[in-house]
Amino acid sequence: MLLSKVPLHSRRIAANQIRSNARTSSTLLEPTAYSSSNPEPPYATLGSTTKLNLFSAVNSALKTALETDPTAILFGEDIAFGGVFRCSQGLRDEFGEGRVFNTPLSENGIAGMAVGYASAGGTAIGEIQFGDYIFPAMDQIVNEMAKFRFRSGNQWNCGGVTLRAPCGAVGHGGLYHSQSPEAYLAHTPGLVVVMPRGPRCAKGLLLSSIRSKDPVVFLEPKVTFTNVSIWLRLSYSHLRCFIFQILYRSAVEEVPDADYEIPLGKAEVMREGTDVTIVGWGAQLRTLETACDLAAKEGISCELIDLRTILPWDSKTILESVMKTGKLIVSHEAPITCGFGAEIVATMQQECFFCLEAPIQRVCGYDTPFGLVYEKYYLPDEKKNLDAIRKVMELSR
Amino acid sequence: MSSDSATFDLTGSFETYNLESSPSDTITMSKSELLSHFELMYTMRRMEITCDNEYKARNIRGFCHLYDGQEAVATGINAAFDPEDSWITSYRCHCTALARGGSVSSVLGELFGNVGGQTKGKGGSMHFYNKAHNFFGGQGIVGAQVPVGLGLAFANHYNATPGKPMQVAIACYGDGAANQGQIWESANMASLWKLPMIFCIENNHYGMGTSMDRHSSHSDYYKMGNHIPGLRVDGMNILAVKEGMRFVKDYVGGGNGPMYVEMMTYRYHGHSMSDPGTTYRNREEIALTRSTRDPLEFVKRTLIEANFADAEEIKEIEKRIRKEVADEVKVAKASSPPTIEPHLFEYVYTSGGGKEQNEFPPHIRMPDFAKSKFY
């Protein structure tokens, strides 16, 4: 019972050292600044940029969060050496093992610990190694994390929690490393569910999520901005040689070095159009961009919207777009039945039924698990989307 | 023996596991302290009996789990703790809320579903919280409070001042919860990182309606932590609970890692109000416990034996508390139920504006529809 035995891991000391660097100010990109008339956020105002892929952008956001918040801790399975996707590469060395550390393989324990630490006032950034492993943690996420503020009448909250998890099909993930669990999570009032589409918005959204006073599950698409159609045309033997990291690393954007946040709960109009509104999120947007390009060659003008925050979702931006185009397609990689697209479709037909010129289409994954060789059949690729675009155009004639 | 304080024998109240030291066999307590413990325990008993009556009168609805019989556990732990120590418990939390700074009117108000309740009527029977006393409540899912308690212990560890004892975190759960998987995950991490965490099993011998021998292959709960040290305490003896928890708090707060604590106790009521509590155990067992091990009778006997109070004085105190509880029930009933605006949608997400609040789109869709349909 000797006090000298207290294994403090130098946690507090490390935190104090960085207190001097405490958060100066970050730039909040106002949603009005990039409304439909200005689809590209004003990244140019943020100063210098670096070419980063998604994992490096996430790494940059985590580094910024650890630098600016002495209570921030980063933990998860194997994250101390960087994690399977290397998102936390170098952070243990920089911030010490007291703040960046490995946990046992206990997803429910990771989520529960995050809830406890955050309710005591800290900032907990947990990593669930794959989105598929979030299911063992669902009890803590749904019953503890999402409801703490409400059920305690605002006495306690665990807004400091951010759980990151990579999601989506990856080329060879198999049945348990390819799922997109956003719809399960979106059925949980009190939770915020975010999915970025690429490196640049990943950094801003992740910093917002970490600093949000509501608990966030941040899903990172593994195939961010890789041209899926190219992978799908490759043979099985070719596919096999592309490991996870290659996919995660494959697409780069100019990411501002500055500390900036993108507001949660706001969709982004990625490209404006007049004929069809297409809504997607995460990696699916790359496929949708290709589909829009193909449609443009046929003279069809598509308006493409990145939902960005799945819950609470921005129905207003979509509604305004559908009022303009009269046609809507929602596309996501998760299975179609009870996918989040169903929620969007149900709300839109209720809100603007008489503006619709054609039945709303959903282009989604099928209601089946899928292994590697089935991925090419399963995924809602640009051809399926192009079919849907042509269909709504024909029906509205 | 001075009339202001006395030393009491605790021989036989503890069993240790994997421990080199053990709690003291005696405890010295002042008259005022023991009297205050008695008053709190008697208030708990009266409050739970009132809950039972109000439930049967259909003034309290829904789920309700009563704590009578286990009063010494919450009282004793609270007596050994600082307000800075973190405490999280299960759904059987009325009396912990009372010990941790609550009042009878705030507990009953919550059970009546009024906005004057401790969590503004949002939680109900299983959800009481108190920020000023670091009480994290009341969890509805069996065993789910334990990983959260682990996070609280981690925070105490992270925020500790080098060279000083750490504040501890305690997660209380029943023998029925002791085999939940989440608890093993938490025990592993608490032990791995030597967190100031107390796993406190309130063993009332029944996991809902299944006796300990039928629901657990291992009935020595204080040994369940495997290599984690354990302590079994007579949970019907407030003196033993206090001394035991003082020892445990010193041990885990000193950086020696977590400890399993088993409080041997008993609940007089059934698991919940739908359980008469007599289908899986016989009335004789309950009557025998009441007549031989009742925690309140024990305190009364101790008060008299130590010359702290005589039977008349105790009766006076009981009379006063009965009146106080009855008055508080009136206060609780006088509060009003919540309204749609602003209470129904309040606190699902951040509110209050400014940097604290996310500028979310309205997350409740079509509230007008809800209004027109039901009001």
# chains A, B, ... in the order shown; residues from 1 in each chain; ligands from 1
call {"tool": "residues_around", "arguments": {"residues": "stretch 356-370 of chain A", "least_positions_apart": "6", "cutoff": "6 Å", "atoms": "only C-alpha atoms", "output": "list in words"}}
result
Leu175, Gly326, Lys327, Leu328, Ile329, Val330, Ser331, His332, Glu333, Ala334, Pro335, Ile336, Tyr378, Leu379, Pro380, Val392, Leu395 and Ser396 of chain A
call {"tool": "select_by_dssp", "arguments": {"residues": "stretch 264-303 of chain A", "states": "alpha helix (DSSP H)", "output": "PyMOL selection string"}}
result
chain A and resi 284-297
call {"tool": "interface_residues", "arguments": {"of": "chain B", "to": "chain A", "cutoff": "7 Å", "atoms": "only C-alpha atoms", "output": "number ranges by chain"}}
result
B: 119-120, 122-123, 127-129, 131, 144, 147-152, 154-155, 158-159, 163-165, 182, 185-186, 251, 254-256, 347-350, 356-358, 360-361, 363
call {"tool": "write_last_selection", "arguments": {"atoms": "N, CA, C and O atoms", "output": "short mmCIF file (atom, residue, chain, number, x, y, z; two decimals), in the first residue's frame"}}
result
data_model
loop_
_atom_site.label_atom_id
_atom_site.label_comp_id
_atom_site.auth_asym_id
_atom_site.auth_seq_id
_atom_site.Cartn_x
_atom_site.Cartn_y
_atom_site.Cartn_z
N THR B 119 -34.06 13.36 -11.50
CA THR B 119 -33.63 13.55 -12.88
C THR B 119 -34.79 14.07 -13.73
O THR B 119 -34.94 13.73 -14.89
N LYS B 120 -35.62 14.89 -13.11
CA LYS B 120 -36.70 15.61 -13.79
C LYS B 120 -37.73 14.65 -14.41
O LYS B 120 -38.32 14.95 -15.44
N LYS B 122 -37.17 12.05 -16.02
CA LYS B 122 -36.71 11.43 -17.26
C LYS B 122 -36.23 10.00 -17.05
O LYS B 122 -36.21 9.20 -17.97
N GLY B 123 -35.78 9.71 -15.83
CA GLY B 123 -35.17 8.40 -15.59
C GLY B 123 -36.14 7.41 -14.99
O GLY B 123 -36.38 6.35 -15.52
N HIS B 127 -32.91 5.26 -12.39
CA HIS B 127 -31.96 6.29 -12.82
C HIS B 127 -31.94 7.50 -11.89
O HIS B 127 -32.72 8.43 -12.06
N PHE B 128 -31.04 7.44 -10.92
CA PHE B 128 -30.80 8.59 -10.05
C PHE B 128 -29.34 8.98 -10.20
O PHE B 128 -28.47 8.11 -10.32
N TYR B 129 -29.08 10.28 -10.18
CA TYR B 129 -27.71 10.76 -10.34
C TYR B 129 -27.51 11.95 -9.44
O TYR B 129 -28.46 12.64 -9.08
N LYS B 131 -24.48 14.95 -9.32
CA LYS B 131 -23.17 15.43 -9.75
C LYS B 131 -22.34 15.93 -8.57
O LYS B 131 -21.13 15.70 -8.52
N ALA B 144 -23.92 -3.46 -16.96
CA ALA B 144 -23.37 -2.46 -17.89
C ALA B 144 -22.70 -1.30 -17.17
O ALA B 144 -21.94 -0.55 -17.78
N PRO B 147 -18.18 -1.50 -16.88
CA PRO B 147 -17.21 -0.85 -17.78
C PRO B 147 -17.22 0.67 -17.64
O PRO B 147 -16.16 1.31 -17.78
N VAL B 148 -18.38 1.25 -17.36
CA VAL B 148 -18.42 2.71 -17.16
C VAL B 148 -17.64 3.06 -15.89
O VAL B 148 -16.87 4.02 -15.86
N GLY B 149 -17.82 2.24 -14.85
CA GLY B 149 -17.05 2.44 -13.62
C GLY B 149 -15.56 2.34 -13.87
O GLY B 149 -14.76 3.06 -13.28
N LEU B 150 -15.19 1.46 -14.79
CA LEU B 150 -13.78 1.32 -15.17
C LEU B 150 -13.26 2.65 -15.74
O LEU B 150 -12.15 3.08 -15.42
N GLY B 151 -14.08 3.28 -16.58
CA GLY B 151 -13.69 4.58 -17.14
C GLY B 151 -13.56 5.64 -16.06
O GLY B 151 -12.67 6.49 -16.11
N LEU B 152 -14.43 5.57 -15.05
CA LEU B 152 -14.34 6.52 -13.94
C LEU B 152 -13.04 6.29 -13.16
O LEU B 152 -12.36 7.24 -12.77
N PHE B 154 -10.37 5.03 -14.41
CA PHE B 154 -9.29 5.50 -15.27
C PHE B 154 -9.12 7.01 -15.14
O PHE B 154 -8.00 7.52 -15.06
N ALA B 155 -10.24 7.72 -15.09
CA ALA B 155 -10.18 9.19 -14.95
C ALA B 155 -9.52 9.56 -13.62
O ALA B 155 -8.69 10.47 -13.57
N TYR B 158 -5.88 8.96 -14.04
CA TYR B 158 -5.28 9.95 -14.94
C TYR B 158 -5.11 11.30 -14.24
O TYR B 158 -4.14 12.01 -14.46
N ASN B 159 -6.07 11.64 -13.40
CA ASN B 159 -6.07 12.96 -12.77
C ASN B 159 -5.41 12.96 -11.39
O ASN B 159 -5.47 13.97 -10.68
N GLY B 163 2.15 11.01 -5.57
CA GLY B 163 2.50 11.05 -4.15
C GLY B 163 1.31 11.11 -3.23
O GLY B 163 1.46 11.01 -2.02
N LYS B 164 0.12 11.29 -3.81
CA LYS B 164 -1.08 11.32 -2.96
C LYS B 164 -1.99 10.16 -3.33
O LYS B 164 -1.97 9.69 -4.46
N PRO B 165 -2.82 9.70 -2.36
CA PRO B 165 -3.73 8.59 -2.70
C PRO B 165 -4.70 9.04 -3.80
O PRO B 165 -5.08 10.20 -3.87
N GLN B 182 -19.29 -8.40 -19.60
CA GLN B 182 -18.65 -7.08 -19.54
C GLN B 182 -17.80 -6.93 -18.28
O GLN B 182 -16.83 -6.18 -18.26
N GLU B 185 -14.35 -8.26 -18.83
CA GLU B 185 -13.56 -7.33 -19.64
C GLU B 185 -13.01 -6.21 -18.75
O GLU B 185 -11.84 -5.83 -18.85
N SER B 186 -13.87 -5.70 -17.88
CA SER B 186 -13.47 -4.59 -17.01
C SER B 186 -12.43 -5.03 -15.99
O SER B 186 -11.47 -4.32 -15.72
N TYR B 251 -6.51 0.57 0.12
CA TYR B 251 -5.74 -0.38 -0.69
C TYR B 251 -5.75 0.03 -2.17
O TYR B 251 -4.70 0.21 -2.78
N GLY B 254 -4.25 3.44 -2.99
CA GLY B 254 -2.80 3.48 -2.86
C GLY B 254 -2.07 2.94 -4.06
O GLY B 254 -0.84 2.79 -4.04
N GLY B 255 -2.80 2.61 -5.11
CA GLY B 255 -2.16 2.18 -6.35
C GLY B 255 -1.86 0.70 -6.41
O GLY B 255 -1.02 0.25 -7.19
N ASN B 256 -2.56 -0.09 -5.59
CA ASN B 256 -2.31 -1.54 -5.60
C ASN B 256 -3.19 -2.29 -6.58
O ASN B 256 -3.17 -3.51 -6.63
N TYR B 347 -32.51 17.44 -23.81
CA TYR B 347 -31.33 16.66 -23.38
C TYR B 347 -31.11 15.37 -24.16
O TYR B 347 -30.32 14.53 -23.74
N VAL B 348 -31.83 15.16 -25.26
CA VAL B 348 -31.45 14.03 -26.12
C VAL B 348 -30.08 14.34 -26.71
O VAL B 348 -29.18 13.51 -26.74
N TYR B 349 -29.94 15.59 -27.18
CA TYR B 349 -28.63 16.10 -27.60
C TYR B 349 -28.30 17.32 -26.75
O TYR B 349 -29.10 17.72 -25.91
N THR B 350 -27.14 17.90 -27.01
CA THR B 350 -26.74 19.10 -26.28
C THR B 350 -27.81 20.17 -26.40
O THR B 350 -28.47 20.31 -27.42
N GLU B 356 -21.24 24.89 -26.67
CA GLU B 356 -21.66 23.61 -26.11
C GLU B 356 -22.59 22.85 -27.07
O GLU B 356 -22.68 21.65 -27.04
N GLN B 357 -23.31 23.61 -27.86
CA GLN B 357 -24.40 23.00 -28.62
C GLN B 357 -24.03 22.80 -30.09
O GLN B 357 -23.53 23.70 -30.74
N ASN B 358 -24.28 21.62 -30.58
CA ASN B 358 -24.15 21.39 -32.01
C ASN B 358 -25.36 22.00 -32.72
O ASN B 358 -26.46 21.95 -32.21
N PHE B 360 -27.53 21.14 -34.77
CA PHE B 360 -28.15 20.03 -35.49
C PHE B 360 -29.45 20.46 -36.13
O PHE B 360 -30.14 21.35 -35.64
N PRO B 361 -29.81 19.78 -37.20
CA PRO B 361 -31.17 19.95 -37.71
C PRO B 361 -32.14 19.40 -36.67
O PRO B 361 -31.73 18.64 -35.79
N HIS B 363 -33.97 17.12 -34.64
CA HIS B 363 -33.83 15.66 -34.67
C HIS B 363 -35.14 14.96 -34.37
O HIS B 363 -35.27 13.77 -34.53
#
call {"tool": "residues_around", "arguments": {"residues": "stretch 205-216 of chain B", "least_positions_apart": "4", "cutoff": "10 Å", "atoms": "only C-alpha atoms", "output": "list of chain:residue names"}}
result
B:Gly174, B:Asp175, B:Gly176, B:Ala177, B:Ala178, B:Asn179, B:Asp220, B:Tyr221, B:Met264, B:Thr265, B:Tyr266, B:Arg267, B:Gly270, B:His271, B:Ser272, B:Asp275, B:Pro276, B:Gly277, B:Thr278, B:Thr279, B:Tyr280, B:Arg281
call {"tool": "residues_around", "arguments": {"residues": "B:Ala332", "least_positions_apart": "4", "cutoff": "8 Å", "atoms": "only C-alpha atoms", "output": "VMD selection string"}}
result
chain B and resid 105 to 106 108 to 109 112 114 116 to 117 328
call {"tool": "closest_residue", "arguments": {"among": "B:Pro338, B:Gly257, B:Gly76, B:Pro295", "to": "B:Trp193", "atoms": "only C-alpha atoms"}}
result
B:Gly257
